[in-house]
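Chemist: The file below is coords.txt, compact mmCIF, C-alpha atoms:
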# COMPACT_ATOMS: atom_id res chain seq x y z
CA MET A 1 -111.23 250.30 50.43
CA PRO A 2 -114.13 249.78 52.91
CA THR A 3 -117.34 251.99 52.77
CA SER A 4 -120.15 252.84 55.24
CA LEU A 5 -123.26 254.94 55.47
CA ASP A 6 -122.65 258.47 56.80
CA PRO A 7 -125.13 259.05 59.64
CA ALA A 8 -124.54 262.80 59.47
CA ARG A 9 -125.46 262.96 55.81
CA PRO A 10 -128.33 260.58 54.91
CA GLY A 11 -128.12 259.07 51.50
CA THR A 12 -124.41 259.46 51.27
CA VAL A 13 -121.65 256.92 51.53
CA ALA A 14 -118.51 257.59 53.55
CA VAL A 15 -115.23 256.23 52.27
CA THR A 16 -112.76 255.12 54.99
CA ALA A 17 -109.11 254.62 54.20
CA SER A 18 -107.36 251.93 56.29
CA ARG A 19 -103.85 252.64 57.54
CA PRO A 20 -101.17 250.41 56.08
CA ARG A 21 -99.89 247.88 58.62
CA ARG A 22 -96.24 247.93 59.43
CA ALA A 23 -94.32 244.87 58.31
CA LEU A 24 -93.56 242.62 61.22
CA ILE A 25 -90.12 241.15 61.31
CA ALA A 26 -89.74 237.95 63.27
CA LEU A 27 -86.32 237.39 64.57
CA GLY A 28 -85.25 233.97 65.81
CA LEU A 29 -81.97 232.62 66.96
CA THR A 30 -81.09 229.05 66.14
CA ALA A 31 -77.95 227.26 67.04
CA ALA A 32 -76.54 224.01 65.74
CA LEU A 33 -73.36 222.38 67.03
CA THR A 34 -71.64 221.01 63.95
CA GLY A 35 -68.14 219.58 64.08
CA GLY A 36 -67.41 221.43 67.29
CA VAL A 37 -68.45 224.83 65.85
CA LEU A 38 -71.63 226.49 67.01
CA VAL A 39 -73.30 228.50 64.24
CA ALA A 40 -75.85 231.19 65.10
CA GLN A 41 -78.31 232.41 62.45
CA THR A 42 -80.69 235.40 62.47
CA GLN A 43 -83.96 234.76 60.63
CA GLN A 44 -85.66 237.71 58.96
CA ALA A 45 -88.90 238.26 57.14
CA PRO A 46 -88.84 237.89 53.34
CA HIS A 47 -87.17 240.71 51.44
CA ALA A 48 -85.00 241.62 54.47
CA SER A 49 -81.60 242.78 53.31
CA ALA A 50 -79.54 242.42 56.49
CA ALA A 51 -76.73 239.85 56.20
CA THR A 52 -77.01 236.68 58.28
CA ALA A 53 -74.57 236.65 61.20
CA LYS A 54 -72.56 233.46 61.48
CA PRO A 55 -69.97 233.66 64.24
CA SER A 56 -67.99 230.49 64.84
CA THR A 57 -65.94 229.09 67.71
CA THR A 58 -63.02 226.71 67.41
CA TYR A 59 -61.70 224.82 70.41
CA SER A 60 -58.58 222.70 70.63
CA VAL A 61 -56.77 220.75 73.35
CA SER A 62 -53.04 220.09 73.32
CA ARG A 63 -53.28 216.74 75.17
CA HIS A 64 -56.05 214.22 75.73
CA SER A 65 -54.22 212.55 78.62
CA VAL A 66 -52.35 214.03 81.57
CA ALA A 67 -50.45 212.56 84.52
CA LYS A 68 -51.18 213.87 87.98
CA LYS A 69 -47.60 214.14 89.13
CA PRO A 70 -45.08 216.93 89.76
CA GLY A 71 -43.47 218.25 86.62
CA ALA A 72 -45.96 216.60 84.25
CA THR A 73 -46.94 218.50 81.11
CA LYS A 74 -50.24 220.33 81.47
CA ALA A 75 -52.95 220.35 78.82
CA ARG A 76 -53.79 223.66 77.10
CA TYR A 77 -57.30 224.52 75.93
CA THR A 78 -57.39 227.16 73.21
CA VAL A 79 -60.60 228.86 72.06
CA THR A 80 -60.92 231.21 69.08
CA ALA A 81 -64.11 233.09 68.15
CA SER A 82 -64.54 234.85 64.81
CA LYS A 83 -67.10 236.09 62.27
CA ASN A 84 -66.38 236.29 58.56
CA GLY A 85 -62.69 235.78 59.28
CA SER A 86 -62.49 238.57 61.86
CA ARG A 87 -62.02 237.88 65.57
CA ILE A 88 -64.89 238.97 67.79
CA ALA A 89 -64.90 240.36 71.32
CA GLY A 90 -66.40 238.53 74.25
CA SER A 91 -65.48 236.19 77.07
CA ALA A 92 -64.82 232.48 77.55
CA THR A 93 -65.46 230.14 80.47
CA LEU A 94 -63.79 226.79 81.13
CA ILE A 95 -65.91 224.17 82.91
CA MET A 96 -64.40 220.91 84.18
CA ASN A 97 -66.66 218.06 85.28
CA GLY A 98 -69.58 220.46 85.61
CA LYS A 99 -67.68 222.95 87.77
CA ARG A 100 -66.70 226.39 86.54
CA GLN A 101 -62.94 226.84 86.75
CA TYR A 102 -61.92 229.97 84.86
CA SER A 103 -63.49 232.92 83.02
CA ALA A 104 -61.54 235.39 80.92
CA ARG A 105 -61.99 238.02 78.25
CA LEU A 106 -61.05 237.03 74.72
CA VAL A 107 -57.94 238.81 73.54
CA HIS A 108 -58.29 239.45 69.81
CA GLY A 109 -60.93 236.74 69.83
CA LYS A 110 -58.66 234.16 71.47
CA PHE A 111 -57.75 232.76 74.86
CA THR A 112 -55.82 229.75 76.19
CA PHE A 113 -56.59 228.03 79.51
CA THR A 114 -53.97 225.90 81.30
CA PRO A 115 -55.60 224.27 84.36
CA GLY A 116 -53.40 222.98 87.16
CA LEU A 117 -53.06 219.19 87.33
CA TRP A 118 -54.74 219.13 90.74
CA ARG A 119 -57.99 220.26 89.11
CA TYR A 120 -58.34 216.91 87.29
CA ARG A 121 -59.79 213.80 88.83
CA VAL A 122 -58.27 210.39 88.09
CA GLY A 123 -60.06 208.88 85.09
CA THR A 124 -62.11 210.64 82.41
CA ASN A 125 -62.64 214.39 82.73
CA THR A 126 -65.26 216.32 80.76
CA VAL A 127 -63.81 219.71 79.86
CA ARG A 128 -66.17 222.25 78.29
CA VAL A 129 -65.62 225.78 77.01
CA VAL A 130 -68.42 228.33 76.65
CA VAL A 131 -67.96 231.51 74.59
CA HIS A 132 -70.15 234.56 75.16
CA PRO A 133 -69.83 237.07 72.30
CA ALA A 134 -69.91 240.71 73.41
CA ARG A 135 -72.64 241.44 70.87
CA ALA A 136 -75.72 239.45 71.81
CA ALA A 137 -77.03 239.80 68.26
CA LEU A 138 -74.30 237.47 67.04
CA ALA A 139 -75.14 234.51 69.21
CA ASP A 140 -76.32 233.69 72.70
CA LYS A 141 -73.31 231.49 73.35
CA SER A 142 -71.28 228.72 71.77
CA THR A 143 -69.95 225.62 73.46
CA LYS A 144 -67.84 222.54 72.83
CA THR A 145 -66.76 219.60 74.98
CA VAL A 146 -63.66 217.38 74.99
CA ARG A 147 -62.69 214.50 77.28
CA VAL A 148 -59.28 214.25 78.89
CA THR A 149 -58.00 211.23 80.83
CA ALA A 150 -55.95 211.87 83.96
CA THR A 151 -53.74 209.12 85.35
CA LYS A 152 -52.26 208.76 88.80
CA PRO A 153 -48.49 208.16 88.97
CA LEU A 154 -47.48 204.54 89.46
CA THR A 155 -45.99 203.56 92.78
CA ALA A 156 -42.56 201.93 92.84
CA ARG A 157 -44.16 198.50 93.27
CA GLN A 158 -46.57 199.09 90.41
CA LYS A 159 -43.62 200.03 88.22
CA LEU A 160 -41.81 196.81 89.18
CA VAL A 161 -44.83 194.70 88.25
CA LYS A 162 -45.38 196.62 85.00
CA VAL A 163 -41.78 196.16 83.85
CA ALA A 164 -41.75 192.50 84.86
CA LYS A 165 -44.94 191.75 82.92
CA ALA A 166 -43.60 193.59 79.89
CA GLN A 167 -40.82 190.98 79.58
CA VAL A 168 -43.21 188.02 79.33
CA GLY A 169 -42.49 186.21 76.08
CA ASP A 170 -38.77 187.03 76.00
CA ARG A 171 -36.44 184.08 75.62
CA TYR A 172 -34.26 182.42 78.24
CA ALA A 173 -30.49 182.63 77.83
CA TYR A 174 -27.98 181.71 80.52
CA GLY A 175 -26.07 184.76 81.75
CA ALA A 176 -28.33 187.21 79.86
CA SER A 177 -29.73 190.30 81.57
CA GLY A 178 -31.89 191.85 78.84
CA PRO A 179 -33.33 193.64 77.20
CA SER A 180 -34.76 190.76 75.12
CA SER A 181 -33.31 187.63 76.77
CA PHE A 182 -32.69 186.74 80.41
CA ASP A 183 -31.75 184.13 82.93
CA CYS A 184 -33.57 184.21 86.28
CA SER A 185 -31.36 186.66 88.19
CA GLY A 186 -30.72 188.66 85.02
CA LEU A 187 -34.48 189.28 84.82
CA THR A 188 -34.85 190.43 88.43
CA SER A 189 -31.80 192.69 88.08
CA TYR A 190 -33.19 194.20 84.87
CA VAL A 191 -36.64 194.81 86.38
CA TYR A 192 -35.32 196.64 89.44
CA LYS A 193 -32.89 198.77 87.43
CA LYS A 194 -35.42 199.79 84.78
CA ALA A 195 -38.41 200.28 87.09
CA VAL A 196 -36.87 202.01 90.11
CA GLY A 197 -33.22 202.59 89.20
CA LYS A 198 -31.90 200.17 91.81
CA SER A 199 -28.92 197.90 91.08
CA LEU A 200 -29.08 194.35 92.44
CA PRO A 201 -26.29 191.81 92.82
CA ARG A 202 -26.08 189.57 89.76
CA SER A 203 -26.43 186.11 91.35
CA SER A 204 -29.59 184.68 92.93
CA SER A 205 -27.84 183.89 96.22
CA ALA A 206 -26.51 187.45 96.46
CA GLN A 207 -29.96 188.86 95.75
CA LYS A 208 -31.31 186.84 98.68
CA ALA A 209 -28.92 188.73 100.96
CA ALA A 210 -29.74 192.12 99.40
CA GLY A 211 -33.00 192.54 101.32
CA LYS A 212 -34.96 191.18 104.24
CA VAL A 213 -37.12 188.07 104.36
CA VAL A 214 -40.88 188.59 104.77
CA SER A 215 -43.61 186.03 105.24
CA ARG A 216 -45.73 184.88 102.36
CA LYS A 217 -48.72 186.43 104.08
CA ASN A 218 -47.03 189.83 104.12
CA ALA A 219 -45.52 189.60 100.63
CA ARG A 220 -46.24 192.51 98.31
CA PRO A 221 -46.02 192.83 94.53
CA GLY A 222 -42.45 193.61 93.52
CA ASP A 223 -40.85 191.41 96.16
CA ILE A 224 -38.32 188.84 94.95
CA ILE A 225 -39.21 185.17 95.33
CA TRP A 226 -36.14 183.09 96.18
CA THR A 227 -35.54 179.35 96.22
CA PRO A 228 -32.11 177.69 96.01
CA GLY A 229 -30.66 178.57 92.59
CA HIS A 230 -33.71 180.53 91.38
CA VAL A 231 -35.33 183.97 91.73
CA SER A 232 -38.43 185.61 90.27
CA ILE A 233 -40.64 188.69 90.73
CA TYR A 234 -43.85 188.41 92.76
CA VAL A 235 -46.69 190.20 90.90
CA GLY A 236 -49.55 189.55 93.31
CA ASN A 237 -52.48 187.12 93.55
CA GLY A 238 -50.16 184.15 94.03
CA GLN A 239 -48.43 184.75 90.68
CA GLN A 240 -44.87 185.45 89.61
CA VAL A 241 -42.93 186.50 86.53
CA GLU A 242 -39.82 184.41 85.99
CA ALA A 243 -37.21 183.52 83.40
CA ALA A 244 -37.96 179.82 83.67
CA ARG A 245 -35.63 177.79 81.48
CA PRO A 246 -34.50 177.34 77.85
CA GLY A 247 -37.47 176.65 75.58
CA VAL A 248 -39.91 178.28 78.01
CA GLY A 249 -38.48 181.77 78.42
CA VAL A 250 -40.07 184.50 80.55
CA VAL A 251 -43.55 183.57 81.76
CA LYS A 252 -46.17 184.67 84.26
CA ARG A 253 -47.64 181.84 86.28
CA HIS A 254 -48.66 180.73 89.74
CA ILE A 255 -45.97 180.15 92.34
CA TRP A 256 -44.95 176.53 91.98
CA GLN A 257 -41.90 176.49 94.25
CA ASP A 258 -41.97 174.60 97.54
CA SER A 259 -41.34 176.82 100.59
CA PRO A 260 -40.27 179.96 98.68
CA ARG A 261 -38.82 182.92 100.55
CA PHE A 262 -39.98 186.42 99.81
CA ILE A 263 -37.27 189.07 99.82
CA ARG A 264 -38.18 192.73 100.39
CA ILE A 265 -35.56 194.92 98.68
Let's see the structure in the file written out as structure tokens.
Modeler:
Amino acid sequence: MPTSLDPARPGTVAVTASRPRRALIALGLTAALTGGVLVAQTQQAPHASAATAKPSTTYSVSRHSVAKKPGATKARYTVTASKNGSRIAGSATLIMNGKRQYSARLVHGKFTFTPGLWRYRVGTNTVRVVVHPARAALADKSTKTVRVTATKPLTARQKLVKVAKAQVGDRYAYGASGPSSFDCSGLTSYVYKKAVGKSLPRSSSAQKAAGKVVSRKNARPGDIIWTPGHVSIYVGNGQQVEAARPGVGVVKRHIWQDSPRFIRI
């Protein structure tokens, strides 16, 4: 207890009692994203008895790839926020590729977003959800990010090329039309039926008459390449997929035929 001389009363000592300082409580908010769950902690001075708040957010996506085409299945993004097993109030925001798309109130601590397919861009999409608890004391916000790939539907010609290439390695068998062995016209018939649902005549000569002749310069992937007694599928860049002959089977290789005709079906 500090002392001092009392100027009003010489020779005496005044005793001064200092007021007790109030305990200062430092509150800090730290957040750590661990396994997709943001944990908020309240720091208190020693001997504080208040329980530490630890709200958590879970975030799930139903699909990591979507097709941008009519009737395709959409991805669903579900967020759930809780504390000690009990759902908390608040709101959630969905952000796609850095652009805010939707905001909604949590219903019993949960909400599901189902963005339209047109909101995706072809390729990889970064989809983020941000949760804002109603009580700021719980946490500032929690966030998690997933990546979803969006694909553009294949054109008819891309489908023809894809199906044709998928048969490379199958064996050659005279009169066979798939699915694991082919002759030349059996392969072209199979490719058109499977890829675009179109039925072609079975013989190579009949397939020549099934479409119109185009120049090599104007040929497009998916066109049929015809030479007397043989047909194949043009796949672009001067290459074809053909059921060649016994012992060789279905192969992809450069056009070797002299003066081939390209048939647009």
Chemist: Do a neighbour search on segment 197-204 of chain A at 10 Å with all atoms listed in the file, toss out local chain neighbours closer than 5 positions, and write the hits as a PyMOL selection string.
Modeler: chain A and resi 175+177+184-192+209-211+224-232+265
Chemist: Rounded to one decimal, what separation in Å do you get between atom CA of Gly109 of chain A and atom CA of Ser82 of chain A?
Modeler: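 Separation between atom CA of Gly109 of chain A and atom CA of Ser82 of chain A: 6.5 Å.
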Chemist: What is the distance between atom CA of Arg100 of chain A and atom CA of Ser62 of chain A, in Å to one decimal?
Modeler: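 Those two atoms sit 20.0 Å apart.
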Chemist: Residues at most 8 Å from segment 149-162 of chain A, counting only C-alpha atoms, excluding those fewer than 3 positions away in the same chain, as a VMD selection string?
Modeler: chain A and resid 64 to 69 120 to 125 165 to 166 191 to 192 195 to 196 221 to 222 233 to 235
Chemist: In terms of the shortest atom-to-atom distance over all atoms listed in the file, which of A:Ser56, A:Thr126, A:Ser259, A:Gln167 is closest to Ser181 of chain A?
Modeler: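 Result for the nearest residue to Ser181 of chain A: A:Gln167.
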Chemist: Between A:Gly247, A:Asp258, A:Arg253, A:Arg264, single out the one closest to Ala219 of chain A, counting all atoms listed in the file.
Modeler: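 Residue with the minimum atom-to-atom distance to Ala219 of chain A: A:Arg264.
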Chemist: I want to know what sits within 6 Å of segment 85-91 of chain A, based on only C-alpha atoms, with residues of the same chain fewer than 5 positions away left out; could you give that as a ChimeraX atom specification?
Modeler: /A:104-106,108-109,131-134
Chemist: Suppose you want the space between atom CA of Gly169 of chain A and atom CA of Val248 of chain A; what is it in Å?
Modeler: 8.6 Å
Chemist: I need the residue nearest Arg245 of chain A from this list: A:Arg76, A:Arg171, A:Lys144, A:Arg128. Use only C-alpha atoms for the distance.
Modeler: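 Comparing A:Arg76, A:Arg171, A:Lys144, A:Arg128 against Arg245 of chain A, the winner is A:Arg171.
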Chemist: Which residue gives the smallest distance to Arg147 of chain A among A:Gly71, A:Leu94, A:Val127, A:Tyr174, with only C-alpha atoms counted?
Modeler: A:Val127
